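K.L.:
I'd like to ask you about the structure that follows.
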Amino acid sequence: MQTAPADLQLACSSAAATKFGGDHASALPVSSAAVDGGKYQIILEAKGQRSTCLIDQAGTVLSLEKV
């Protein structure tokens, strides 16, 4: 299984911090996987709360939702 590149994981962490509050260091990627169409799904955890981030190869966050 292919994981997301580090820069995309950081982009999701930063987006989660902006959307849900806090600094991006508090939103840590716990897993990631390539999905169809050149996109990646990244699972983040911050303060015990998980969220899922869908991002494309260009670094555009397509969705970001709490799980």
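Each chain in the structure tokens gets a letter, A, B and so on, in the order shown; residues start at 1 in every chain, and ligands are counted from 1 in the order they appear.
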Set the distance at 10 Å and use only C-alpha atoms: which residues neighbour Val35 of chain A once local chain neighbours fewer than 6 positions away are removed? I'd like the list as a PyMOL selection string.

P.N.:
chain A and resi 1-4+41+54-56

K.L.:
For segment 13-28 of chain A, list every protein, DNA or RNA residue within 7 Å, evaluated using only C-alpha atoms, and leave out those in the same chain fewer than 3 positions away; present the list as a list in words.

P.N.:
Gln9, Leu10, Leu44, Glu45 and Ala46 of chain A

K.L.:
I need the residues from that last selection saved to file as a PDB file, in the first residue's frame (with all heavy atoms), if you can.

P.N.:
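Result saved to again36.pdb:
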```pdb
ATOM      1  N   GLN A   9       1.032  15.102   3.962  1.00  0.00           N
ATOM      2  CA  GLN A   9       0.610  14.843   5.341  1.00  0.00           C
ATOM      3  C   GLN A   9       0.692  16.125   6.167  1.00  0.00           C
ATOM      4  O   GLN A   9      -0.216  16.434   6.949  1.00  0.00           O
ATOM      5  CB  GLN A   9       1.464  13.740   5.962  1.00  0.00           C
ATOM      6  CG  GLN A   9       1.241  12.382   5.311  1.00  0.00           C
ATOM      7  CD  GLN A   9       2.006  11.274   5.981  1.00  0.00           C
ATOM      8  OE1 GLN A   9       2.110  11.238   7.201  1.00  0.00           O
ATOM      9  NE2 GLN A   9       2.557  10.356   5.192  1.00  0.00           N
ATOM     10  N   LEU A  10       1.758  16.895   5.958  1.00  0.00           N
ATOM     11  CA  LEU A  10       1.893  18.167   6.670  1.00  0.00           C
ATOM     12  C   LEU A  10       0.815  19.164   6.254  1.00  0.00           C
ATOM     13  O   LEU A  10       0.303  19.921   7.081  1.00  0.00           O
ATOM     14  CB  LEU A  10       3.282  18.761   6.429  1.00  0.00           C
ATOM     15  CG  LEU A  10       4.436  18.034   7.115  1.00  0.00           C
ATOM     16  CD1 LEU A  10       5.770  18.616   6.658  1.00  0.00           C
ATOM     17  CD2 LEU A  10       4.310  18.107   8.617  1.00  0.00           C
ATOM     18  N   LEU A  44      -5.709  11.760  10.755  1.00  0.00           N
ATOM     19  CA  LEU A  44      -4.990  12.607  11.705  1.00  0.00           C
ATOM     20  C   LEU A  44      -5.571  12.409  13.097  1.00  0.00           C
ATOM     21  O   LEU A  44      -6.748  12.074  13.239  1.00  0.00           O
ATOM     22  CB  LEU A  44      -5.148  14.083  11.318  1.00  0.00           C
ATOM     23  CG  LEU A  44      -4.713  14.467   9.916  1.00  0.00           C
ATOM     24  CD1 LEU A  44      -5.309  15.807   9.530  1.00  0.00           C
ATOM     25  CD2 LEU A  44      -3.208  14.502   9.820  1.00  0.00           C
ATOM     26  N   GLU A  45      -4.747  12.646  14.106  1.00  0.00           N
ATOM     27  CA  GLU A  45      -5.237  12.621  15.482  1.00  0.00           C
ATOM     28  C   GLU A  45      -4.704  13.824  16.216  1.00  0.00           C
ATOM     29  O   GLU A  45      -3.516  14.140  16.138  1.00  0.00           O
ATOM     30  CB  GLU A  45      -4.810  11.342  16.201  1.00  0.00           C
ATOM     31  CG  GLU A  45      -5.426  11.235  17.576  1.00  0.00           C
ATOM     32  CD  GLU A  45      -5.297   9.852  18.181  1.00  0.00           C
ATOM     33  OE1 GLU A  45      -5.269   8.857  17.433  1.00  0.00           O
ATOM     34  OE2 GLU A  45      -5.215   9.784  19.409  1.00  0.00           O
ATOM     35  N   ALA A  46      -5.602  14.516  16.915  1.00  0.00           N
ATOM     36  CA  ALA A  46      -5.237  15.674  17.721  1.00  0.00           C
ATOM     37  C   ALA A  46      -6.046  15.639  19.010  1.00  0.00           C
ATOM     38  O   ALA A  46      -7.273  15.615  18.967  1.00  0.00           O
ATOM     39  CB  ALA A  46      -5.507  16.974  16.975  1.00  0.00           C
TER      40      ALA A  46
END
```

K.L.:
Quick one: residues within 9 Å of Val67 of chain A, only C-alpha atoms counted, chain neighbours fewer than 2 positions away excluded, as a PyMOL selection string?

P.N.:
chain A and resi 49-52+65

K.L.:
Could you pull the residues within 9 Å of Gly59 of chain A, counting only C-alpha atoms, minus those fewer than 2 positions along the same chain, as a list in words?

P.N.:
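Listed by chain and then number, they are Asp7, Leu8, Ala11, Cys12, Ile55, Asp56, Gln57 and Val61 of chain A.
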
K.L.:
Go ahead and write the selection's residues with C-alpha atoms as an mmCIF file, in the first residue's frame.

P.N.:
```
data_model
loop_
_atom_site.group_PDB
_atom_site.id
_atom_site.type_symbol
_atom_site.label_atom_id
_atom_site.label_comp_id
_atom_site.auth_asym_id
_atom_site.auth_seq_id
_atom_site.Cartn_x
_atom_site.Cartn_y
_atom_site.Cartn_z
ATOM 1 C CA ASP A 7 4.521 17.233 2.409
ATOM 2 C CA LEU A 8 0.894 16.206 1.808
ATOM 3 C CA ALA A 11 -0.599 20.069 4.499
ATOM 4 C CA CYS A 12 -3.440 18.043 6.005
ATOM 5 C CA ILE A 55 -5.876 15.563 -0.495
ATOM 6 C CA ASP A 56 -4.748 15.505 -4.112
ATOM 7 C CA GLN A 57 -1.196 15.269 -5.449
ATOM 8 C CA VAL A 61 -7.294 19.568 0.570
#
```

K.L.:
Please give the complete set of residues from chain A that DSSP, run on the backbone, assigns to strand (DSSP E), formatted as a VMD selection string.

P.N.:
chain A and resid 28 to 35 39 to 46 49 to 56 61 to 66

K.L.:
Run DSSP on the backbone of this structure and report the residues of chain A it assigns to alpha helix (DSSP H), as a PyMOL selection string.

P.N.:
chain A and resi 6-20

K.L.:
Next, write the just-selected residues to a file, as a compact mmCIF listing (two decimals), in the first residue's frame, keeping all heavy atoms as the atom set.

P.N.:
```
# COMPACT_ATOMS: atom_id res chain seq x y z
N ALA A 6 5.26 13.02 2.65
CA ALA A 6 5.32 13.80 3.89
C ALA A 6 4.75 15.22 3.73
O ALA A 6 4.07 15.72 4.62
CB ALA A 6 6.75 13.87 4.40
N ASP A 7 5.01 15.86 2.59
CA ASP A 7 4.52 17.23 2.41
C ASP A 7 3.00 17.29 2.38
O ASP A 7 2.39 18.24 2.87
CB ASP A 7 5.13 17.90 1.18
CG ASP A 7 4.83 17.18 -0.12
OD1 ASP A 7 4.67 15.94 -0.11
OD2 ASP A 7 4.76 17.85 -1.16
N LEU A 8 2.36 16.25 1.84
CA LEU A 8 0.89 16.21 1.81
C LEU A 8 0.34 15.93 3.20
O LEU A 8 -0.70 16.47 3.59
CB LEU A 8 0.41 15.16 0.80
CG LEU A 8 0.81 15.40 -0.65
CD1 LEU A 8 0.21 14.33 -1.55
CD2 LEU A 8 0.41 16.80 -1.13
N GLN A 9 1.03 15.10 3.96
CA GLN A 9 0.61 14.84 5.34
C GLN A 9 0.69 16.13 6.17
O GLN A 9 -0.22 16.43 6.95
CB GLN A 9 1.46 13.74 5.96
CG GLN A 9 1.24 12.38 5.31
CD GLN A 9 2.01 11.27 5.98
OE1 GLN A 9 2.11 11.24 7.20
NE2 GLN A 9 2.56 10.36 5.19
N LEU A 10 1.76 16.90 5.96
CA LEU A 10 1.89 18.17 6.67
C LEU A 10 0.82 19.16 6.25
O LEU A 10 0.30 19.92 7.08
CB LEU A 10 3.28 18.76 6.43
CG LEU A 10 4.44 18.03 7.11
CD1 LEU A 10 5.77 18.62 6.66
CD2 LEU A 10 4.31 18.11 8.62
N ALA A 11 0.46 19.17 4.98
CA ALA A 11 -0.60 20.07 4.50
C ALA A 11 -1.92 19.73 5.17
O ALA A 11 -2.67 20.63 5.56
CB ALA A 11 -0.72 19.98 2.98
N CYS A 12 -2.21 18.45 5.32
CA CYS A 12 -3.44 18.04 6.00
C CYS A 12 -3.40 18.42 7.48
O CYS A 12 -4.39 18.88 8.04
CB CYS A 12 -3.67 16.54 5.85
SG CYS A 12 -4.49 16.10 4.30
N SER A 13 -2.25 18.24 8.12
CA SER A 13 -2.11 18.62 9.53
C SER A 13 -2.36 20.10 9.72
O SER A 13 -3.07 20.52 10.64
CB SER A 13 -0.71 18.27 10.04
OG SER A 13 -0.52 16.89 10.08
N SER A 14 -1.80 20.91 8.84
CA SER A 14 -1.98 22.35 8.91
C SER A 14 -3.44 22.75 8.68
O SER A 14 -3.99 23.59 9.39
CB SER A 14 -1.08 23.02 7.88
OG SER A 14 -1.22 24.41 7.93
N ALA A 15 -4.08 22.10 7.71
CA ALA A 15 -5.49 22.39 7.42
C ALA A 15 -6.37 22.00 8.61
O ALA A 15 -7.32 22.72 8.95
CB ALA A 15 -5.93 21.64 6.17
N ALA A 16 -6.06 20.89 9.26
CA ALA A 16 -6.84 20.45 10.42
C ALA A 16 -6.68 21.44 11.57
O ALA A 16 -7.66 21.77 12.25
CB ALA A 16 -6.41 19.05 10.85
N ALA A 17 -5.47 21.92 11.79
CA ALA A 17 -5.24 22.90 12.85
C ALA A 17 -6.02 24.18 12.59
O ALA A 17 -6.61 24.76 13.50
CB ALA A 17 -3.75 23.20 12.98
N THR A 18 -6.06 24.60 11.34
CA THR A 18 -6.80 25.81 10.97
C THR A 18 -8.29 25.61 11.15
O THR A 18 -8.99 26.46 11.73
CB THR A 18 -6.49 26.20 9.51
OG1 THR A 18 -5.09 26.44 9.39
CG2 THR A 18 -7.26 27.44 9.11
N LYS A 19 -8.80 24.48 10.69
CA LYS A 19 -10.25 24.24 10.74
C LYS A 19 -10.75 23.95 12.15
O LYS A 19 -11.80 24.43 12.55
CB LYS A 19 -10.61 23.08 9.81
CG LYS A 19 -12.10 22.80 9.76
CD LYS A 19 -12.46 21.79 8.69
CE LYS A 19 -13.97 21.57 8.64
NZ LYS A 19 -14.35 20.68 7.55
N PHE A 20 -9.99 23.15 12.90
CA PHE A 20 -10.48 22.69 14.19
C PHE A 20 -9.83 23.40 15.38
O PHE A 20 -10.16 23.15 16.52
CB PHE A 20 -10.25 21.18 14.33
CG PHE A 20 -10.90 20.38 13.23
CD1 PHE A 20 -10.18 19.46 12.50
CD2 PHE A 20 -12.25 20.54 12.92
CE1 PHE A 20 -10.77 18.72 11.48
CE2 PHE A 20 -12.85 19.80 11.91
CZ PHE A 20 -12.11 18.89 11.19
```

K.L.:
Which residue is closest to Val30 of chain A? Choose from A:Ala58, A:Cys53, A:Leu64, A:Ile43 and count only C-alpha atoms.

P.N.:
A:Ile43
